[in-house]
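Below is protein-v2.cif, holding mmCIF, C-alpha atoms and all ligand atoms.
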```cif
data_entry
#
loop_
_atom_site.label_atom_id
_atom_site.label_comp_id
_atom_site.auth_asym_id
_atom_site.auth_seq_id
_atom_site.Cartn_x
_atom_site.Cartn_y
_atom_site.Cartn_z
CA MET Z 22 -17.01 -19.51 -10.14
CA ASN Z 23 -18.24 -15.95 -10.62
CA GLU Z 24 -15.87 -13.21 -11.84
CA VAL Z 25 -15.79 -11.29 -8.57
CA LEU Z 26 -14.70 -14.32 -6.53
CA GLN Z 27 -12.23 -15.32 -9.24
CA ASN Z 28 -10.63 -11.85 -9.11
CA ILE Z 29 -10.38 -12.04 -5.31
CA LYS Z 30 -8.73 -15.47 -5.54
CA ASN Z 31 -6.36 -14.29 -8.27
CA ARG Z 32 -4.99 -11.41 -6.19
CA ARG Z 33 -1.62 -12.25 -4.72
CA SER Z 34 1.11 -10.14 -3.14
CA VAL Z 35 3.67 -9.44 -5.85
CA ARG Z 36 7.27 -8.79 -4.81
CA LYS Z 37 9.03 -8.62 -8.18
CA TYR Z 38 8.02 -5.96 -10.69
CA GLN Z 39 8.75 -4.83 -14.21
CA THR Z 40 10.11 -1.27 -14.45
CA ARG Z 41 7.38 -0.37 -17.01
CA GLN Z 42 5.05 2.24 -15.46
CA ILE Z 43 1.32 1.55 -15.23
CA PRO Z 44 -0.76 3.94 -17.39
CA GLY Z 45 -2.07 7.05 -15.66
CA GLU Z 46 -5.73 6.23 -16.26
CA LEU Z 47 -5.36 2.80 -14.67
CA CYS Z 48 -3.59 4.40 -11.72
CA GLU Z 49 -6.53 6.79 -11.36
CA SER Z 50 -8.97 3.85 -11.39
CA ILE Z 51 -7.03 2.18 -8.58
CA VAL Z 52 -7.11 5.39 -6.52
CA GLU Z 53 -10.85 5.81 -7.18
CA ALA Z 54 -11.46 2.23 -6.04
CA GLY Z 55 -9.67 3.10 -2.78
CA LEU Z 56 -11.68 6.26 -2.24
CA TYR Z 57 -14.96 4.39 -2.74
CA ALA Z 58 -14.22 2.01 0.14
CA PRO Z 59 -16.50 2.09 3.17
CA SER Z 60 -15.43 4.09 6.23
CA GLY Z 61 -16.54 4.11 9.84
CA ARG Z 62 -19.40 6.58 10.34
CA ASN Z 63 -18.83 7.49 6.67
CA SER Z 64 -16.00 9.82 7.73
CA GLN Z 65 -14.26 9.54 4.31
CA ALA Z 66 -11.05 10.79 5.91
CA VAL Z 67 -8.67 8.63 3.87
CA HIS Z 68 -5.98 10.27 1.73
CA ILE Z 69 -3.94 8.45 -0.92
CA THR Z 70 -0.54 9.90 -1.79
CA VAL Z 71 0.49 8.55 -5.19
CA VAL Z 72 4.21 8.58 -5.97
CA ARG Z 73 5.28 7.70 -9.51
CA LYS Z 74 8.75 9.32 -9.54
CA LYS Z 75 11.48 6.69 -9.26
CA ASP Z 76 13.96 9.01 -7.56
CA LEU Z 77 11.40 10.07 -4.96
CA ILE Z 78 10.53 6.42 -4.17
CA GLU Z 79 14.27 5.83 -3.69
CA ARG Z 80 14.47 8.82 -1.35
CA ILE Z 81 11.47 7.49 0.62
CA THR Z 82 13.42 4.24 1.08
CA GLU Z 83 16.47 6.16 2.34
CA GLU Z 84 14.46 8.44 4.66
CA LEU Z 85 12.53 5.42 5.99
CA LYS Z 86 15.79 3.57 6.73
CA ALA Z 87 17.07 6.60 8.66
CA ALA Z 88 13.80 7.00 10.57
CA VAL Z 89 13.64 3.31 11.51
CA ALA Z 90 17.29 3.42 12.66
CA ARG Z 91 16.60 6.32 15.05
CA THR Z 92 13.33 4.88 16.42
CA PRO Z 93 14.07 2.87 19.58
CA GLY Z 94 12.66 -0.67 19.46
CA ASN Z 95 11.37 -0.37 15.86
CA ARG Z 96 10.32 -3.89 14.82
CA TYR Z 97 11.54 -3.36 11.25
CA ARG Z 98 15.11 -2.48 12.24
CA ASP Z 99 16.58 -5.70 10.79
CA SER Z 100 14.55 -5.92 7.58
CA VAL Z 101 14.69 -2.23 6.66
CA GLY Z 102 18.36 -2.06 7.66
CA ALA Z 103 19.35 -4.70 5.10
CA ALA Z 104 21.36 -3.22 2.21
CA SER Z 105 18.98 -4.78 -0.33
CA TYR Z 106 15.82 -3.32 1.25
CA THR Z 107 13.63 -1.10 -0.92
CA VAL Z 108 10.22 0.16 0.11
CA ASN Z 109 8.60 -0.83 -3.22
CA PHE Z 110 10.12 -4.15 -4.38
CA GLY Z 111 10.99 -2.19 -7.55
CA ALA Z 112 7.36 -1.32 -8.36
CA PRO Z 113 7.02 1.91 -10.38
CA THR Z 114 3.99 3.22 -8.46
CA PHE Z 115 3.91 3.57 -4.68
CA MET Z 116 0.85 4.72 -2.74
CA ILE Z 117 0.76 5.87 0.86
CA VAL Z 118 -2.64 5.46 2.51
CA SER Z 119 -3.24 7.74 5.47
CA ALA Z 120 -6.17 9.16 7.38
CA ASP Z 121 -7.02 12.47 8.99
CA VAL Z 122 -7.33 11.11 12.52
CA SER Z 123 -9.09 14.24 13.75
CA ARG Z 124 -12.10 13.23 11.60
CA ALA Z 125 -11.88 9.44 11.26
CA VAL Z 126 -13.44 7.22 13.93
CA THR Z 127 -11.92 3.98 12.62
CA PRO Z 128 -8.87 5.17 10.64
CA GLU Z 129 -6.93 1.89 10.55
CA ALA Z 130 -9.90 -0.13 9.32
CA ASP Z 131 -10.81 2.60 6.81
CA CYS Z 132 -7.31 2.54 5.31
CA ALA Z 133 -7.31 -1.27 5.18
CA CYS Z 134 -10.64 -1.24 3.31
CA ALA Z 135 -9.23 1.31 0.87
CA LEU Z 136 -6.09 -0.73 0.27
CA GLU Z 137 -7.96 -3.97 -0.35
CA ASN Z 138 -10.26 -2.21 -2.82
CA MET Z 139 -7.12 -0.89 -4.55
CA PHE Z 140 -5.45 -4.32 -4.67
CA LEU Z 141 -8.57 -5.94 -6.14
CA ALA Z 142 -9.05 -3.16 -8.69
CA ALA Z 143 -5.39 -3.48 -9.67
CA ARG Z 144 -5.67 -7.24 -10.11
CA SER Z 145 -8.72 -6.86 -12.33
CA LEU Z 146 -6.57 -4.60 -14.54
CA GLY Z 147 -3.72 -7.14 -14.68
CA ILE Z 148 -1.63 -5.07 -12.24
CA GLY Z 149 0.20 -6.61 -9.29
CA SER Z 150 0.36 -5.12 -5.82
CA CYS Z 151 1.68 -5.64 -2.32
CA TRP Z 152 0.86 -4.13 1.05
CA ILE Z 153 3.89 -2.34 2.50
CA ASN Z 154 3.67 -1.84 6.25
CA GLN Z 155 6.95 -0.21 7.26
CA LEU Z 156 6.02 3.45 6.84
CA GLY Z 157 3.32 3.08 9.47
CA SER Z 158 6.02 2.34 12.04
CA VAL Z 159 7.55 5.83 11.80
CA ASN Z 160 4.46 8.00 12.21
CA GLY Z 161 6.08 9.39 15.34
CA ASP Z 162 9.16 10.59 13.47
CA SER Z 163 8.57 14.26 12.67
CA ALA Z 164 11.59 14.52 10.34
CA PHE Z 165 10.22 11.69 8.20
CA LEU Z 166 6.73 13.21 8.06
CA ASN Z 167 8.18 16.66 7.27
CA PHE Z 168 10.09 15.09 4.39
CA LEU Z 169 6.89 13.49 3.04
CA ARG Z 170 5.00 16.76 3.41
CA ALA Z 171 7.65 18.76 1.59
CA GLU Z 172 8.39 16.29 -1.20
CA ALA Z 173 5.16 14.35 -1.68
CA GLY Z 174 2.37 16.70 -0.53
CA PHE Z 175 1.55 14.45 2.43
CA PRO Z 176 -1.29 16.12 4.39
CA GLU Z 177 -0.57 17.80 7.72
CA GLY Z 178 -2.06 15.86 10.65
CA ASN Z 179 -2.52 12.59 8.77
CA VAL Z 180 -1.34 9.21 10.06
CA ILE Z 181 -0.07 6.45 7.75
CA PHE Z 182 -1.83 3.07 8.14
CA GLY Z 183 -0.50 1.22 5.11
CA CYS Z 184 1.08 1.56 1.69
CA GLY Z 185 0.80 -0.27 -1.59
CA ALA Z 186 3.30 -1.09 -4.31
CA PHE Z 187 1.74 -1.34 -7.78
CA GLY Z 188 3.13 -2.50 -11.10
CA TYR Z 189 3.24 -5.30 -13.64
CA PRO Z 190 4.67 -8.49 -12.17
CA VAL Z 191 7.74 -10.21 -13.47
CA GLY Z 192 6.32 -13.54 -14.65
CA ASP Z 193 2.83 -14.85 -13.96
CA PHE Z 194 0.71 -14.12 -10.91
CA PRO Z 195 1.22 -17.06 -8.55
CA GLN Z 196 -1.73 -19.32 -7.73
CA ALA Z 197 -3.27 -18.76 -4.29
CA PRO Z 198 -2.70 -21.67 -1.92
CA ALA Z 199 -5.68 -23.05 0.01
CA ARG Z 200 -6.66 -20.75 2.88
CA LYS Z 201 -6.59 -21.63 6.57
CA GLY Z 202 -9.37 -19.25 7.65
CA THR Z 203 -12.67 -20.87 8.51
CA SER Z 204 -16.35 -20.09 8.33
CA ASN Z 205 -19.56 -21.65 9.62
CA LEU Z 206 -23.10 -21.40 8.48
CA VAL Z 207 -26.26 -21.27 10.54
CA GLU Z 208 -29.57 -21.22 8.71
C1 LIG A 1 -1.74 -5.60 7.29
C2 LIG A 1 -0.79 -6.26 6.31
C3 LIG A 1 0.54 -5.91 6.32
C4 LIG A 1 1.42 -6.47 5.39
N1 LIG A 1 2.71 -6.04 5.34
C5 LIG A 1 3.52 -6.50 4.37
C6 LIG A 1 4.83 -5.96 4.22
O1 LIG A 1 5.24 -5.05 4.91
N2 LIG A 1 5.63 -6.49 3.26
C7 LIG A 1 5.20 -7.51 2.44
O2 LIG A 1 5.98 -7.95 1.59
N3 LIG A 1 3.96 -8.02 2.55
C8 LIG A 1 3.11 -7.54 3.48
N4 LIG A 1 1.82 -8.01 3.56
C9 LIG A 1 1.37 -9.05 2.61
C10 LIG A 1 1.21 -10.42 3.28
O3 LIG A 1 2.47 -10.97 3.57
C11 LIG A 1 0.41 -11.33 2.32
O4 LIG A 1 -0.87 -10.78 2.09
C12 LIG A 1 0.24 -12.75 2.84
O5 LIG A 1 1.50 -13.40 2.92
C13 LIG A 1 -0.70 -13.61 1.96
O6 LIG A 1 -0.24 -13.66 0.62
P1 LIG A 1 -1.12 -13.12 -0.61
O7 LIG A 1 -1.32 -11.63 -0.42
O8 LIG A 1 -0.28 -13.43 -1.84
O9 LIG A 1 -2.42 -13.84 -0.62
C14 LIG A 1 0.94 -7.45 4.46
C15 LIG A 1 -0.42 -7.79 4.47
C16 LIG A 1 -1.27 -7.20 5.36
C17 LIG A 1 -2.75 -7.53 5.30
#
```
What is this file in structure tokens?
Ligand SMILES: Cc1cc2nc3c(=O)[nH]c(=O)nc-3n(C[C@H](O)[C@H](O)[C@H](O)COP(=O)(O)O)c2cc1C
Amino acid sequence: MNEVLQNIKNRRSVRKYQTRQIPGELCESIVEAGLYAPSGRNSQAVHITVVRKKDLIERITEELKAAVARTPGNRYRDSVGAASYTVNFGAPTFMIVSADVSRAVTPEADCACALENMFLAARSLGIGSCWINQLGSVNGDSAFLNFLRAEAGFPEGNVIFGCGAFGYPVGDFPQAPARKGTSNLVE
């Protein structure tokens, strides 16, 4: 099997991390991989907020919990409300992927492309990752977004479409089980 396909198959969502931080230059490579993703009409309106301060990641967890609790009908109320919930599974680097929706024509797809590029780049560097979806459920909560703007430099007017946790896994990367998706070939 070629190296590219092997790297894709080796990527798994990691939910248990070492506390050891990933080196800055590897973090920069992951961000660059995200920014080189394709985007609808080449809008390039994706922004990646990289948080590597443990106390700020903990505050994001607390602010998220509060925002979810005050959002009527939020689908993450039970999971985020659990005492053990953390936004990062203990990963030392947390990235928020958002888009300037005044410029992007396909912001959700653009952010998903960026995140997958980032996950694959991370895996090729021996770094684990996991998509974190909960922040995208509180885009309508101005107090939460104001907090992110003030504390993490989150851009005014951007909408969050996904986040990633990044760090070295505890133990080995698990093997990918066989996939259920299908394909067909016409030639
Ligand atoms: C759009 C999207 C949202 C996801 N949200 C979460 C999440 O909030 N928390 C989580 O632990 N995993 C999340 N995942 C990871 C999936 O659960 C995971 O990709 C799936 O179970 C397949 O496992 P694998 O990534 O190890 O191949 C998300 C994945 C995608 C694509």
Where's the centre, and what are the edge lengths in Å to one decimal, of a box along x, y and z enclosing all listed atoms of ligand LIG 1 (chain A) padded 8 Å per side, as lines of an AutoDock Vina configuration file?
```
center_x = 1.6
center_y = -9.4
center_z = 2.7
size_x = 24.7
size_y = 24.8
size_z = 25.1
```
Any chance you could tabulate, as JSON lines, the residues of chain Z at most 6 Å from ligand LIG 1 (chain A) with each one's nearest atom pair and distance in Å to one decimal, using only C-alpha atoms and all ligand atoms, in chain and rising number order?
```
{"residue": "Z:Arg33", "atom": "CA", "partner": "A:LIG1", "partner_atom": "O8", "distance": 3.4}
{"residue": "Z:Ser34", "atom": "CA", "partner": "A:LIG1", "partner_atom": "O8", "distance": 3.8}
{"residue": "Z:Cys151", "atom": "CA", "partner": "A:LIG1", "partner_atom": "N3", "distance": 5.9}
{"residue": "Z:Trp152", "atom": "CA", "partner": "A:LIG1", "partner_atom": "N4", "distance": 4.7}
{"residue": "Z:Ile153", "atom": "CA", "partner": "A:LIG1", "partner_atom": "O1", "distance": 3.9}
{"residue": "Z:Asn154", "atom": "CA", "partner": "A:LIG1", "partner_atom": "O1", "distance": 3.8}
{"residue": "Z:Gln155", "atom": "CA", "partner": "A:LIG1", "partner_atom": "O1", "distance": 5.6}
```
* Polymer residues at most 12 Å from Pro128 of chain Z, all atoms listed in the file, same-chain spacing of 2 or more positions, as an NGL selection string -> :Z and (59-68 or 118-126 or 130-135 or 179-183)
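Taking only C-alpha atoms into account, Gln27 of chain Z lies nearest to Z:Arg144 out of the set Z:Lys86, Z:Arg144, Z:Arg98, Z:Arg80.
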Distance query segment 74-78 of chain Z at most 10 Å, all atoms listed in the file, self and fewer than 4 positions along chain excluded, as a PDB file with C-alpha atoms, in the frame of the given file:
```
ATOM      1  CA  THR Z  40      10.110  -1.270 -14.450  1.00  0.00           C
ATOM      2  CA  GLN Z  42       5.050   2.240 -15.460  1.00  0.00           C
ATOM      3  CA  THR Z  82      13.420   4.240   1.080  1.00  0.00           C
ATOM      4  CA  GLU Z  83      16.470   6.160   2.340  1.00  0.00           C
ATOM      5  CA  GLU Z  84      14.460   8.440   4.660  1.00  0.00           C
ATOM      6  CA  THR Z 107      13.630  -1.100  -0.920  1.00  0.00           C
ATOM      7  CA  VAL Z 108      10.220   0.160   0.110  1.00  0.00           C
ATOM      8  CA  ASN Z 109       8.600  -0.830  -3.220  1.00  0.00           C
ATOM      9  CA  GLY Z 111      10.990  -2.190  -7.550  1.00  0.00           C
ATOM     10  CA  ALA Z 112       7.360  -1.320  -8.360  1.00  0.00           C
ATOM     11  CA  PRO Z 113       7.020   1.910 -10.380  1.00  0.00           C
ATOM     12  CA  THR Z 114       3.990   3.220  -8.460  1.00  0.00           C
ATOM     13  CA  PHE Z 115       3.910   3.570  -4.680  1.00  0.00           C
ATOM     14  CA  MET Z 116       0.850   4.720  -2.740  1.00  0.00           C
ATOM     15  CA  LEU Z 169       6.890  13.490   3.040  1.00  0.00           C
ATOM     16  CA  GLU Z 172       8.390  16.290  -1.200  1.00  0.00           C
ATOM     17  CA  ALA Z 173       5.160  14.350  -1.680  1.00  0.00           C
TER      18      ALA Z 173
END
```
* Name the closest residue to Asn167 of chain Z among the candidates Z:Val191, Z:Ile81, Z:Val52, Z:Met139; distances are taken between atoms, counting all atoms listed in the file. => Z:Ile81
* Asked: What does the distance from atom CA of Pro195 of chain Z to atom CA of Gln39 of chain Z come to in Å, to one decimal?
  -> 15.4 Å
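Considering only C-alpha atoms, the residue among Z:Ala197, Z:Cys48, Z:Val101, Z:Ala54 positioned nearest to Leu141 of chain Z is Z:Ala54.
Between atom CA of Gly157 of chain Z and atom CA of Ile117 of chain Z there is a distance of 9.4 Å.
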* Asked: If you count all atoms listed in the file, which residues fall within 12 Å of Asp99 of chain Z, apart from same-chain ones fewer than 4 positions away, as a ChimeraX atom specification?
  -> /Z:86,89-90,94-95,103-106,155
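Here atom CA of Cys184 of chain Z and atom CA of Gln196 of chain Z stand 23.1 Å from one another.
Residue nearest Ile69 of chain Z, chosen from Z:Val35, Z:Leu136, Z:Ala88, Z:Met22 and counting only C-alpha atoms: Z:Leu136.
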* Structure fact -> Judged by all atoms listed in the file, the minimum distance to Gly102 of chain Z among Z:Leu47, Z:Ala87, Z:Leu146, Z:Val159 is found for Z:Ala87
* Structure fact -> Of Z:Arg200, Z:Arg32, Z:Arg91, Z:Arg170, the one nearest to Ser158 of chain Z when counting all atoms listed in the file is Z:Arg91
Coordinates of segment 111-133 of chain Z, N, CA, C and O atoms, as a PDB file, in the first residue's frame:
```
ATOM      1  N   GLY Z 111      -7.870  16.122  27.401  1.00  0.00           N
ATOM      2  CA  GLY Z 111      -6.537  16.238  28.001  1.00  0.00           C
ATOM      3  C   GLY Z 111      -5.426  16.558  27.019  1.00  0.00           C
ATOM      4  O   GLY Z 111      -4.260  16.625  27.408  1.00  0.00           O
ATOM      5  N   ALA Z 112      -5.764  16.794  25.748  1.00  0.00           N
ATOM      6  CA  ALA Z 112      -4.716  17.105  24.754  1.00  0.00           C
ATOM      7  C   ALA Z 112      -4.119  18.485  25.039  1.00  0.00           C
ATOM      8  O   ALA Z 112      -4.834  19.420  25.374  1.00  0.00           O
ATOM      9  N   PRO Z 113      -2.811  18.639  24.856  1.00  0.00           N
ATOM     10  CA  PRO Z 113      -2.171  19.922  25.193  1.00  0.00           C
ATOM     11  C   PRO Z 113      -2.377  21.034  24.167  1.00  0.00           C
ATOM     12  O   PRO Z 113      -2.143  22.193  24.473  1.00  0.00           O
ATOM     13  N   THR Z 114      -2.768  20.668  22.941  1.00  0.00           N
ATOM     14  CA  THR Z 114      -3.026  21.700  21.921  1.00  0.00           C
ATOM     15  C   THR Z 114      -4.472  21.564  21.438  1.00  0.00           C
ATOM     16  O   THR Z 114      -4.934  20.457  21.147  1.00  0.00           O
ATOM     17  N   PHE Z 115      -5.148  22.711  21.386  1.00  0.00           N
ATOM     18  CA  PHE Z 115      -6.556  22.736  20.983  1.00  0.00           C
ATOM     19  C   PHE Z 115      -6.696  23.788  19.889  1.00  0.00           C
ATOM     20  O   PHE Z 115      -6.205  24.908  20.038  1.00  0.00           O
ATOM     21  N   MET Z 116      -7.317  23.407  18.773  1.00  0.00           N
ATOM     22  CA  MET Z 116      -7.456  24.355  17.658  1.00  0.00           C
ATOM     23  C   MET Z 116      -8.927  24.538  17.293  1.00  0.00           C
ATOM     24  O   MET Z 116      -9.660  23.551  17.128  1.00  0.00           O
ATOM     25  N   ILE Z 117      -9.303  25.795  17.183  1.00  0.00           N
ATOM     26  CA  ILE Z 117     -10.679  26.148  16.820  1.00  0.00           C
ATOM     27  C   ILE Z 117     -10.673  26.576  15.353  1.00  0.00           C
ATOM     28  O   ILE Z 117      -9.934  27.495  14.973  1.00  0.00           O
ATOM     29  N   VAL Z 118     -11.466  25.904  14.541  1.00  0.00           N
ATOM     30  CA  VAL Z 118     -11.478  26.200  13.103  1.00  0.00           C
ATOM     31  C   VAL Z 118     -12.784  26.925  12.769  1.00  0.00           C
ATOM     32  O   VAL Z 118     -13.879  26.396  12.960  1.00  0.00           O
ATOM     33  N   SER Z 119     -12.613  28.154  12.300  1.00  0.00           N
ATOM     34  CA  SER Z 119     -13.775  29.005  12.023  1.00  0.00           C
ATOM     35  C   SER Z 119     -13.624  29.612  10.631  1.00  0.00           C
ATOM     36  O   SER Z 119     -12.576  29.496   9.999  1.00  0.00           O
ATOM     37  N   ALA Z 120     -14.689  30.230  10.173  1.00  0.00           N
ATOM     38  CA  ALA Z 120     -14.629  30.887   8.861  1.00  0.00           C
ATOM     39  C   ALA Z 120     -15.307  32.246   8.929  1.00  0.00           C
ATOM     40  O   ALA Z 120     -16.266  32.440   9.685  1.00  0.00           O
ATOM     41  N   ASP Z 121     -14.772  33.156   8.131  1.00  0.00           N
ATOM     42  CA  ASP Z 121     -15.400  34.462   7.947  1.00  0.00           C
ATOM     43  C   ASP Z 121     -16.564  34.237   6.973  1.00  0.00           C
ATOM     44  O   ASP Z 121     -16.348  34.109   5.764  1.00  0.00           O
ATOM     45  N   VAL Z 122     -17.771  34.170   7.524  1.00  0.00           N
ATOM     46  CA  VAL Z 122     -18.919  33.787   6.694  1.00  0.00           C
ATOM     47  C   VAL Z 122     -19.373  34.916   5.762  1.00  0.00           C
ATOM     48  O   VAL Z 122     -20.210  34.700   4.896  1.00  0.00           O
ATOM     49  N   SER Z 123     -18.806  36.100   5.924  1.00  0.00           N
ATOM     50  CA  SER Z 123     -19.133  37.172   4.974  1.00  0.00           C
ATOM     51  C   SER Z 123     -18.370  36.975   3.660  1.00  0.00           C
ATOM     52  O   SER Z 123     -18.725  37.549   2.636  1.00  0.00           O
ATOM     53  N   ARG Z 124     -17.305  36.160   3.697  1.00  0.00           N
ATOM     54  CA  ARG Z 124     -16.507  35.922   2.488  1.00  0.00           C
ATOM     55  C   ARG Z 124     -16.645  34.505   1.953  1.00  0.00           C
ATOM     56  O   ARG Z 124     -16.543  34.270   0.759  1.00  0.00           O
ATOM     57  N   ALA Z 125     -16.835  33.534   2.863  1.00  0.00           N
ATOM     58  CA  ALA Z 125     -16.866  32.128   2.441  1.00  0.00           C
ATOM     59  C   ALA Z 125     -18.191  31.803   1.768  1.00  0.00           C
ATOM     60  O   ALA Z 125     -19.240  32.286   2.185  1.00  0.00           O
ATOM     61  N   VAL Z 126     -18.147  30.961   0.730  1.00  0.00           N
ATOM     62  CA  VAL Z 126     -19.398  30.504   0.109  1.00  0.00           C
ATOM     63  C   VAL Z 126     -19.782  29.111   0.622  1.00  0.00           C
ATOM     64  O   VAL Z 126     -20.949  28.743   0.598  1.00  0.00           O
ATOM     65  N   THR Z 127     -18.813  28.359   1.083  1.00  0.00           N
ATOM     66  CA  THR Z 127     -19.064  27.007   1.605  1.00  0.00           C
ATOM     67  C   THR Z 127     -18.281  26.836   2.928  1.00  0.00           C
ATOM     68  O   THR Z 127     -17.384  25.986   3.023  1.00  0.00           O
ATOM     69  N   PRO Z 128     -18.603  27.638   3.945  1.00  0.00           N
ATOM     70  CA  PRO Z 128     -17.735  27.679   5.126  1.00  0.00           C
ATOM     71  C   PRO Z 128     -17.628  26.357   5.886  1.00  0.00           C
ATOM     72  O   PRO Z 128     -16.548  26.006   6.358  1.00  0.00           O
ATOM     73  N   GLU Z 129     -18.729  25.617   5.974  1.00  0.00           N
ATOM     74  CA  GLU Z 129     -18.682  24.362   6.740  1.00  0.00           C
ATOM     75  C   GLU Z 129     -17.772  23.338   6.056  1.00  0.00           C
ATOM     76  O   GLU Z 129     -16.922  22.692   6.682  1.00  0.00           O
ATOM     77  N   ALA Z 130     -17.940  23.218   4.725  1.00  0.00           N
ATOM     78  CA  ALA Z 130     -17.102  22.285   3.975  1.00  0.00           C
ATOM     79  C   ALA Z 130     -15.640  22.732   4.012  1.00  0.00           C
ATOM     80  O   ALA Z 130     -14.727  21.912   4.148  1.00  0.00           O
ATOM     81  N   ASP Z 131     -15.405  24.036   3.910  1.00  0.00           N
ATOM     82  CA  ASP Z 131     -14.027  24.546   3.935  1.00  0.00           C
ATOM     83  C   ASP Z 131     -13.339  24.181   5.250  1.00  0.00           C
ATOM     84  O   ASP Z 131     -12.183  23.748   5.270  1.00  0.00           O
ATOM     85  N   CYS Z 132     -14.063  24.363   6.357  1.00  0.00           N
ATOM     86  CA  CYS Z 132     -13.472  24.056   7.672  1.00  0.00           C
ATOM     87  C   CYS Z 132     -13.250  22.546   7.829  1.00  0.00           C
ATOM     88  O   CYS Z 132     -12.252  22.116   8.422  1.00  0.00           O
ATOM     89  N   ALA Z 133     -14.163  21.741   7.286  1.00  0.00           N
ATOM     90  CA  ALA Z 133     -13.987  20.284   7.369  1.00  0.00           C
ATOM     91  C   ALA Z 133     -12.758  19.847   6.569  1.00  0.00           C
ATOM     92  O   ALA Z 133     -11.984  18.992   7.017  1.00  0.00           O
TER      93      ALA Z 133
END
```
